[in-house]
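Listing of work00.txt; format and content: compact mmCIF, C-alpha atoms and all ligand atoms.
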# COMPACT_ATOMS: atom_id res chain seq x y z
CA MET A 1 -19.17 36.28 -147.23
CA SER A 2 -22.22 38.27 -146.28
CA ALA A 3 -21.65 41.25 -144.01
CA GLU A 4 -24.29 39.83 -141.69
CA ILE A 5 -22.37 36.57 -141.15
CA LEU A 6 -19.10 38.45 -140.64
CA THR A 7 -20.74 40.68 -138.04
CA LYS A 8 -22.24 37.67 -136.27
CA ALA A 9 -18.86 35.89 -136.15
CA LYS A 10 -17.14 38.96 -134.74
CA GLU A 11 -19.91 39.44 -132.21
CA ILE A 12 -19.52 35.85 -130.95
CA ALA A 13 -15.73 36.20 -130.73
CA LYS A 14 -16.13 39.45 -128.79
CA ARG A 15 -18.63 37.82 -126.43
CA TRP A 16 -15.74 35.52 -125.42
CA LYS A 17 -13.17 38.35 -125.41
CA ASN A 18 -11.47 37.00 -128.57
CA LYS A 19 -9.48 34.66 -126.34
CA PRO A 20 -8.03 31.53 -127.97
CA GLU A 21 -8.84 29.46 -124.86
CA ASN A 22 -12.55 30.24 -125.38
CA ILE A 23 -12.68 28.86 -128.91
CA ILE A 24 -14.87 25.86 -127.96
CA GLU A 25 -17.42 28.14 -126.25
CA MET A 26 -17.49 30.30 -129.38
CA MET A 27 -18.04 27.24 -131.54
CA HIS A 28 -20.92 26.15 -129.29
CA ASP A 29 -22.53 29.56 -129.75
CA VAL A 30 -22.15 29.28 -133.53
CA GLN A 31 -23.57 25.75 -133.52
CA ASN A 32 -26.56 26.89 -131.42
CA GLU A 33 -27.25 29.86 -133.61
CA PHE A 34 -26.83 28.26 -137.06
CA ASN A 35 -27.39 24.59 -136.27
CA TYR A 36 -23.98 23.89 -137.83
CA LEU A 37 -20.56 25.53 -138.20
CA PRO A 38 -20.46 27.58 -141.42
CA LYS A 39 -16.96 27.63 -142.95
CA GLU A 40 -16.90 31.45 -143.24
CA ILE A 41 -17.61 31.86 -139.54
CA LEU A 42 -14.89 29.42 -138.54
CA GLU A 43 -12.42 31.35 -140.72
CA THR A 44 -13.42 34.60 -139.04
CA LEU A 45 -13.11 33.06 -135.57
CA SER A 46 -9.65 31.85 -136.52
CA LYS A 47 -8.62 35.40 -137.47
CA GLU A 48 -10.23 36.97 -134.43
CA THR A 49 -8.68 34.55 -131.93
CA THR A 50 -5.43 33.57 -133.73
CA VAL A 51 -6.39 29.91 -133.27
CA PRO A 52 -5.18 28.13 -136.45
CA ILE A 53 -8.04 27.05 -138.72
CA ALA A 54 -6.68 23.46 -138.74
CA ARG A 55 -7.05 23.34 -134.95
CA ILE A 56 -10.64 24.60 -135.22
CA TYR A 57 -11.48 21.87 -137.75
CA ASN A 58 -9.87 19.29 -135.46
CA ILE A 59 -12.15 20.39 -132.62
CA ALA A 60 -15.18 20.47 -134.95
CA THR A 61 -14.64 16.88 -136.06
CA PHE A 62 -13.70 15.57 -132.61
CA TYR A 63 -16.87 16.57 -130.76
CA ASN A 64 -20.24 15.07 -131.66
CA ALA A 65 -21.97 18.28 -130.64
CA PHE A 66 -20.49 20.05 -133.68
CA SER A 67 -21.49 19.65 -137.28
CA LEU A 68 -19.75 21.04 -140.36
CA LYS A 69 -22.83 20.37 -142.47
CA PRO A 70 -26.24 22.00 -142.05
CA LYS A 71 -28.48 19.80 -139.91
CA GLY A 72 -32.22 19.34 -139.96
CA LYS A 73 -34.61 21.07 -137.60
CA HIS A 74 -35.18 17.70 -135.91
CA LYS A 75 -31.98 15.80 -135.24
CA ILE A 76 -32.59 12.06 -135.02
CA CYS A 77 -29.87 10.02 -133.41
CA VAL A 78 -29.92 6.24 -133.08
CA CYS A 79 -27.78 4.76 -130.31
CA MET A 80 -25.35 2.18 -131.61
CA GLY A 81 -23.84 1.13 -128.30
CA THR A 82 -23.48 -2.64 -127.89
CA PRO A 83 -26.86 -3.36 -126.18
CA CYS A 84 -28.79 -1.16 -128.63
CA HIS A 85 -26.92 -2.68 -131.56
CA ALA A 86 -27.66 -6.22 -130.31
CA LEU A 87 -31.35 -5.42 -129.89
CA GLY A 88 -31.90 -4.13 -133.42
CA ALA A 89 -30.58 -0.56 -133.73
CA PRO A 90 -29.16 -1.21 -137.24
CA LYS A 91 -32.66 -2.22 -138.41
CA VAL A 92 -34.08 0.94 -136.83
CA VAL A 93 -31.51 3.00 -138.76
CA SER A 94 -32.53 1.27 -142.02
CA ALA A 95 -36.22 1.90 -141.28
CA LEU A 96 -35.49 5.58 -140.59
CA GLU A 97 -33.45 5.84 -143.80
CA ARG A 98 -36.40 4.42 -145.76
CA GLU A 99 -38.91 6.64 -144.00
CA LEU A 100 -36.86 9.83 -144.44
CA LYS A 101 -35.42 8.87 -147.86
CA ILE A 102 -31.89 9.79 -146.76
CA LYS A 103 -28.81 7.90 -145.66
CA CYS A 104 -27.44 8.01 -142.14
CA GLY A 105 -25.36 11.19 -141.78
CA GLU A 106 -27.59 13.12 -144.19
CA THR A 107 -30.30 15.76 -143.89
CA THR A 108 -33.64 15.76 -145.71
CA GLU A 109 -33.99 18.23 -148.57
CA ASP A 110 -36.61 20.24 -146.71
CA MET A 111 -34.13 20.54 -143.78
CA GLN A 112 -36.68 19.03 -141.39
CA PHE A 113 -34.72 15.93 -140.33
CA SER A 114 -31.16 14.73 -140.05
CA LEU A 115 -30.15 11.21 -139.14
CA ASP A 116 -27.06 10.13 -137.22
CA ILE A 117 -25.83 7.43 -134.89
CA SER A 118 -24.11 7.75 -131.53
CA GLY A 119 -22.33 5.72 -128.91
CA CYS A 120 -24.11 4.58 -125.74
CA VAL A 121 -26.28 7.33 -124.30
CA GLY A 122 -26.56 5.62 -120.92
CA THR A 123 -30.12 4.28 -120.98
CA CYS A 124 -29.36 0.73 -122.12
CA GLY A 125 -32.41 -0.59 -120.25
CA LEU A 126 -34.52 1.07 -122.98
CA ALA A 127 -32.54 -0.38 -125.91
CA PRO A 128 -32.80 0.20 -128.80
CA VAL A 129 -32.84 3.91 -128.11
CA VAL A 130 -33.60 6.79 -130.48
CA ILE A 131 -33.13 10.43 -129.54
CA ILE A 132 -35.00 13.16 -131.37
CA GLY A 133 -34.02 16.66 -130.31
CA ASP A 134 -34.19 16.57 -126.50
CA GLU A 135 -36.50 13.56 -126.30
CA LEU A 136 -35.48 9.97 -125.82
CA TYR A 137 -37.49 6.98 -127.04
CA GLY A 138 -37.06 3.30 -126.31
CA PRO A 139 -37.38 0.53 -126.98
CA VAL A 140 -38.04 1.54 -130.60
CA GLY A 141 -39.11 -1.17 -133.03
CA ILE A 142 -39.06 -0.79 -136.82
CA GLN A 143 -42.85 -0.84 -136.94
CA GLY A 144 -42.92 2.22 -134.67
CA VAL A 145 -40.66 4.30 -136.91
CA PRO A 146 -43.27 5.91 -139.24
CA LYS A 147 -45.38 7.02 -136.26
CA LEU A 148 -42.32 8.41 -134.52
CA VAL A 149 -41.29 10.45 -137.57
CA ASN A 150 -44.86 11.62 -138.14
CA LYS A 151 -44.94 13.06 -134.66
CA TYR A 152 -42.30 15.58 -135.75
CA LYS A 153 -43.53 16.37 -139.24
CA ASN A 154 -44.77 19.95 -139.57
CA LYS A 155 -43.64 20.63 -136.03
S1 LIG B 201 -26.16 1.10 -125.78
FE1 LIG B 201 -27.81 2.37 -126.31
S2 LIG B 201 -28.25 3.34 -124.46
FE2 LIG B 201 -26.53 2.15 -123.97
Would you kindly transcribe this structure into structure tokens?
Amino acid sequence: MSAEILTKAKEIAKRWKNKPENIIEMMHDVQNEFNYLPKEILETLSKETTVPIARIYNIATFYNAFSLKPKGKHKICVCMGTPCHALGAPKVVSALERELKIKCGETTEDMQFSLDISGCVGTCGLAPVVIIGDELYGPVGIQGVPKLVNKYKNK
């Protein structure tokens, strides 16, 4: 493990007073800083807080906000709630997979985009809905996918 990563992990733990009850806040800070949860950092947080590593992995896999794999700069998320699904979200996912040349759950080699699905995001009137970073788009048709992706290329 690089000394830099170890220092960063200790710094984040200290920010939250090394308290086991603050482990989720620490994990949010790690996620924000690295865009995912590097294994070495989670191990250090476990040591610093005495929270068992298995518990940390449970939290990491339970919450959508956390990722154990590096994510792209632009996170694309297609809503798969019932209305979005019924109005063509699976086809939108396929179109995005073709456009990005990755499968859902993966990240492009250049680390620009990652593609995931989610449950209802609460804007069913716009179904099918796609979220990219902090922006929400809908209704998104398969013919609009290349233009949508292009908007974020080189951004
Ligand atoms: S099902 Fe997609 S926003 Fe509700």
Cut-off 6 Å: closest stretch 121-147 of chain A/stretch 57-80 of chain A atom pairs per residue, using only C-alpha atoms, as CSV:
residue,atom,partner,partner_atom,distance
A:Val129,CA,A:Cys79,CA,5.6
A:Val130,CA,A:Val78,CA,4.5
A:Ile131,CA,A:Cys77,CA,5.1
A:Ile132,CA,A:Ile76,CA,4.5
A:Gly133,CA,A:Lys75,CA,5.4
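Here atom CA of A:Gly122 is placed at a distance of 22.9 Å from atom CA of A:His28.
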Closest-contact table, chain A side, partner ligand LIG 201 (chain B), 8 Å, counting only C-alpha atoms and all ligand atoms, as a Markdown table:
| residue | atom | partner | partner_atom | distance |
| --- | --- | --- | --- | --- |
| A:Cys79 | CA | B:LIG201 | FE1 | 4.7 |
| A:Met80 | CA | B:LIG201 | FE1 | 5.8 |
| A:Gly81 | CA | B:LIG201 | S1 | 3.4 |
| A:Thr82 | CA | B:LIG201 | S1 | 5.1 |
| A:Pro83 | CA | B:LIG201 | S1 | 4.5 |
| A:Cys84 | CA | B:LIG201 | FE1 | 4.3 |
| A:His85 | CA | B:LIG201 | S1 | 6.9 |
| A:Gly119 | CA | B:LIG201 | S1 | 6.8 |
| A:Cys120 | CA | B:LIG201 | FE2 | 3.9 |
| A:Val121 | CA | B:LIG201 | S2 | 4.5 |
| A:Gly122 | CA | B:LIG201 | S2 | 4.5 |
| A:Thr123 | CA | B:LIG201 | S2 | 4.1 |
| A:Cys124 | CA | B:LIG201 | FE2 | 3.7 |
| A:Gly125 | CA | B:LIG201 | S2 | 7.1 |
| A:Leu126 | CA | B:LIG201 | S2 | 6.8 |
| A:Ala127 | CA | B:LIG201 | FE1 | 5.5 |
| A:Pro128 | CA | B:LIG201 | FE1 | 6.0 |
| A:Val129 | CA | B:LIG201 | FE1 | 5.6 |
Quick one: everything within 10 Å of A:Ser46, counting only C-alpha atoms, minus sequence neighbours fewer than 5 positions away in the same chain. Send it as a ChimeraX atom specification.
-> /A:13,18,20,23,40-41,51-56
Coordinates-based distance that separates atom CA of A:Phe34 from atom CA of A:Thr49 (Å, one decimal) |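 Atom-to-atom, atom CA of A:Thr49 and atom CA of A:Phe34 are spaced 19.9 Å apart.
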Computed interatomic separation between atom CA of A:Ala89 and atom CA of A:Asn35 (Å) =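 A separation of 25.5 Å between them.
Neighbours of stretch 140-154 of chain A closer than or equal to 6 Å, with only C-alpha atoms counted and sequence neighbours fewer than 2 positions away skipped, come out as Val92, Ala95, Pro128 and Gly138 of chain A.
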Taking into account only C-alpha atoms, which residue in the set A:Glu4, A:Lys101, A:Val30, A:Pro139 is nearest to A:Leu87?
-> A:Pro139
Within 7 Å of (-30.1, 5.1, -138.9) (coordinates as in the file), grab all the protein and nucleic acid residues, counting only C-alpha atoms, and write them out as a PyMOL selection string.
-> chain A and resi 78+90+92-94+96-97+104+115-117
Can you tell me which residues surround A:Ala9 at a distance of at most 8 Å, considering only C-alpha atoms, apart from same-chain residues fewer than 2 positions away, and format the answer as a PDB file with C-alpha atoms, in the coordinates of the input?
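The resulting file, out_22.pdb, is reproduced below:
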ATOM      1  CA  ILE A   5     -22.370  36.570-141.150  1.00  0.00           C
ATOM      2  CA  LEU A   6     -19.100  38.450-140.640  1.00  0.00           C
ATOM      3  CA  THR A   7     -20.740  40.680-138.040  1.00  0.00           C
ATOM      4  CA  GLU A  11     -19.910  39.440-132.210  1.00  0.00           C
ATOM      5  CA  ILE A  12     -19.520  35.850-130.950  1.00  0.00           C
ATOM      6  CA  ALA A  13     -15.730  36.200-130.730  1.00  0.00           C
ATOM      7  CA  VAL A  30     -22.150  29.280-133.530  1.00  0.00           C
ATOM      8  CA  ILE A  41     -17.610  31.860-139.540  1.00  0.00           C
ATOM      9  CA  LEU A  42     -14.890  29.420-138.540  1.00  0.00           C
ATOM     10  CA  THR A  44     -13.420  34.600-139.040  1.00  0.00           C
ATOM     11  CA  LEU A  45     -13.110  33.060-135.570  1.00  0.00           C
TER      12      LEU A  45
END
Reconstructed stretch 55-87 of chain A, atom set N, CA and C atoms, as a PDB file, keeping the file's coordinate frame:
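After the write, out-v2.pdb holds the following:
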ATOM      1  N   ARG A  55      -6.697  23.722-136.332  1.00  0.00           N
ATOM      2  CA  ARG A  55      -7.050  23.340-134.950  1.00  0.00           C
ATOM      3  C   ARG A  55      -8.578  23.406-134.766  1.00  0.00           C
ATOM      4  N   ILE A  56      -9.182  24.443-135.333  1.00  0.00           N
ATOM      5  CA  ILE A  56     -10.640  24.600-135.220  1.00  0.00           C
ATOM      6  C   ILE A  56     -11.361  23.422-135.899  1.00  0.00           C
ATOM      7  N   TYR A  57     -10.863  23.014-137.064  1.00  0.00           N
ATOM      8  CA  TYR A  57     -11.480  21.870-137.750  1.00  0.00           C
ATOM      9  C   TYR A  57     -11.271  20.581-136.963  1.00  0.00           C
ATOM     10  N   ASN A  58     -10.116  20.468-136.307  1.00  0.00           N
ATOM     11  CA  ASN A  58      -9.870  19.290-135.460  1.00  0.00           C
ATOM     12  C   ASN A  58     -10.916  19.214-134.354  1.00  0.00           C
ATOM     13  N   ILE A  59     -11.164  20.343-133.712  1.00  0.00           N
ATOM     14  CA  ILE A  59     -12.150  20.390-132.620  1.00  0.00           C
ATOM     15  C   ILE A  59     -13.540  20.053-133.198  1.00  0.00           C
ATOM     16  N   ALA A  60     -13.850  20.650-134.348  1.00  0.00           N
ATOM     17  CA  ALA A  60     -15.180  20.470-134.950  1.00  0.00           C
ATOM     18  C   ALA A  60     -15.444  19.004-135.277  1.00  0.00           C
ATOM     19  N   THR A  61     -14.416  18.275-135.688  1.00  0.00           N
ATOM     20  CA  THR A  61     -14.640  16.880-136.060  1.00  0.00           C
ATOM     21  C   THR A  61     -14.526  15.947-134.853  1.00  0.00           C
ATOM     22  N   PHE A  62     -13.879  16.410-133.796  1.00  0.00           N
ATOM     23  CA  PHE A  62     -13.700  15.570-132.610  1.00  0.00           C
ATOM     24  C   PHE A  62     -14.983  15.461-131.788  1.00  0.00           C
ATOM     25  N   TYR A  63     -15.687  16.573-131.624  1.00  0.00           N
ATOM     26  CA  TYR A  63     -16.870  16.570-130.760  1.00  0.00           C
ATOM     27  C   TYR A  63     -18.150  16.333-131.545  1.00  0.00           C
ATOM     28  N   ASN A  64     -18.957  15.380-131.024  1.00  0.00           N
ATOM     29  CA  ASN A  64     -20.240  15.070-131.660  1.00  0.00           C
ATOM     30  C   ASN A  64     -21.196  16.244-131.698  1.00  0.00           C
ATOM     31  N   ALA A  65     -21.029  17.157-130.741  1.00  0.00           N
ATOM     32  CA  ALA A  65     -21.970  18.280-130.640  1.00  0.00           C
ATOM     33  C   ALA A  65     -21.835  19.233-131.833  1.00  0.00           C
ATOM     34  N   PHE A  66     -20.713  19.127-132.548  1.00  0.00           N
ATOM     35  CA  PHE A  66     -20.490  20.050-133.680  1.00  0.00           C
ATOM     36  C   PHE A  66     -20.770  19.369-135.004  1.00  0.00           C
ATOM     37  N   SER A  67     -21.271  20.172-135.938  1.00  0.00           N
ATOM     38  CA  SER A  67     -21.490  19.650-137.280  1.00  0.00           C
ATOM     39  C   SER A  67     -20.975  20.657-138.301  1.00  0.00           C
ATOM     40  N   LEU A  68     -20.254  20.150-139.301  1.00  0.00           N
ATOM     41  CA  LEU A  68     -19.750  21.040-140.360  1.00  0.00           C
ATOM     42  C   LEU A  68     -20.760  21.146-141.497  1.00  0.00           C
ATOM     43  N   LYS A  69     -21.791  20.317-141.428  1.00  0.00           N
ATOM     44  CA  LYS A  69     -22.830  20.370-142.470  1.00  0.00           C
ATOM     45  C   LYS A  69     -24.126  20.855-141.848  1.00  0.00           C
ATOM     46  N   PRO A  70     -24.953  21.562-142.611  1.00  0.00           N
ATOM     47  CA  PRO A  70     -26.240  22.000-142.050  1.00  0.00           C
ATOM     48  C   PRO A  70     -27.053  20.790-141.609  1.00  0.00           C
ATOM     49  N   LYS A  71     -27.671  20.899-140.446  1.00  0.00           N
ATOM     50  CA  LYS A  71     -28.480  19.800-139.910  1.00  0.00           C
ATOM     51  C   LYS A  71     -29.951  20.163-139.986  1.00  0.00           C
ATOM     52  N   GLY A  72     -30.790  19.118-139.914  1.00  0.00           N
ATOM     53  CA  GLY A  72     -32.220  19.340-139.960  1.00  0.00           C
ATOM     54  C   GLY A  72     -32.746  19.968-138.678  1.00  0.00           C
ATOM     55  N   LYS A  73     -33.959  20.475-138.776  1.00  0.00           N
ATOM     56  CA  LYS A  73     -34.610  21.070-137.600  1.00  0.00           C
ATOM     57  C   LYS A  73     -34.744  20.018-136.500  1.00  0.00           C
ATOM     58  N   HIS A  74     -35.079  18.792-136.879  1.00  0.00           N
ATOM     59  CA  HIS A  74     -35.180  17.700-135.910  1.00  0.00           C
ATOM     60  C   HIS A  74     -34.012  16.742-136.123  1.00  0.00           C
ATOM     61  N   LYS A  75     -33.148  16.679-135.126  1.00  0.00           N
ATOM     62  CA  LYS A  75     -31.980  15.800-135.240  1.00  0.00           C
ATOM     63  C   LYS A  75     -32.320  14.436-134.639  1.00  0.00           C
ATOM     64  N   ILE A  76     -32.294  13.411-135.481  1.00  0.00           N
ATOM     65  CA  ILE A  76     -32.590  12.060-135.020  1.00  0.00           C
ATOM     66  C   ILE A  76     -31.274  11.317-134.844  1.00  0.00           C
ATOM     67  N   CYS A  77     -31.111  10.719-133.684  1.00  0.00           N
ATOM     68  CA  CYS A  77     -29.870  10.020-133.410  1.00  0.00           C
ATOM     69  C   CYS A  77     -30.194   8.620-132.861  1.00  0.00           C
ATOM     70  N   VAL A  78     -29.678   7.611-133.524  1.00  0.00           N
ATOM     71  CA  VAL A  78     -29.920   6.240-133.080  1.00  0.00           C
ATOM     72  C   VAL A  78     -28.683   5.756-132.323  1.00  0.00           C
ATOM     73  N   CYS A  79     -28.902   5.260-131.110  1.00  0.00           N
ATOM     74  CA  CYS A  79     -27.780   4.760-130.310  1.00  0.00           C
ATOM     75  C   CYS A  79     -27.272   3.453-130.908  1.00  0.00           C
ATOM     76  N   MET A  80     -25.965   3.392-131.063  1.00  0.00           N
ATOM     77  CA  MET A  80     -25.350   2.180-131.610  1.00  0.00           C
ATOM     78  C   MET A  80     -24.404   1.532-130.604  1.00  0.00           C
ATOM     79  N   GLY A  81     -24.620   1.825-129.328  1.00  0.00           N
ATOM     80  CA  GLY A  81     -23.840   1.130-128.300  1.00  0.00           C
ATOM     81  C   GLY A  81     -24.149  -0.358-128.383  1.00  0.00           C
ATOM     82  N   THR A  82     -23.349  -1.180-127.732  1.00  0.00           N
ATOM     83  CA  THR A  82     -23.480  -2.640-127.890  1.00  0.00           C
ATOM     84  C   THR A  82     -24.892  -3.168-127.586  1.00  0.00           C
ATOM     85  N   PRO A  83     -25.503  -2.828-126.431  1.00  0.00           N
ATOM     86  CA  PRO A  83     -26.860  -3.360-126.180  1.00  0.00           C
ATOM     87  C   PRO A  83     -27.877  -2.907-127.231  1.00  0.00           C
ATOM     88  N   CYS A  84     -27.838  -1.645-127.616  1.00  0.00           N
ATOM     89  CA  CYS A  84     -28.790  -1.160-128.630  1.00  0.00           C
ATOM     90  C   CYS A  84     -28.545  -1.862-129.960  1.00  0.00           C
ATOM     91  N   HIS A  85     -27.274  -2.008-130.311  1.00  0.00           N
ATOM     92  CA  HIS A  85     -26.920  -2.680-131.560  1.00  0.00           C
ATOM     93  C   HIS A  85     -27.451  -4.110-131.540  1.00  0.00           C
ATOM     94  N   ALA A  86     -27.232  -4.811-130.408  1.00  0.00           N
ATOM     95  CA  ALA A  86     -27.660  -6.220-130.310  1.00  0.00           C
ATOM     96  C   ALA A  86     -29.182  -6.353-130.371  1.00  0.00           C
ATOM     97  N   LEU A  87     -29.883  -5.323-129.920  1.00  0.00           N
ATOM     98  CA  LEU A  87     -31.350  -5.420-129.890  1.00  0.00           C
ATOM     99  C   LEU A  87     -32.032  -4.776-131.099  1.00  0.00           C
TER     100      LEU A  87
END
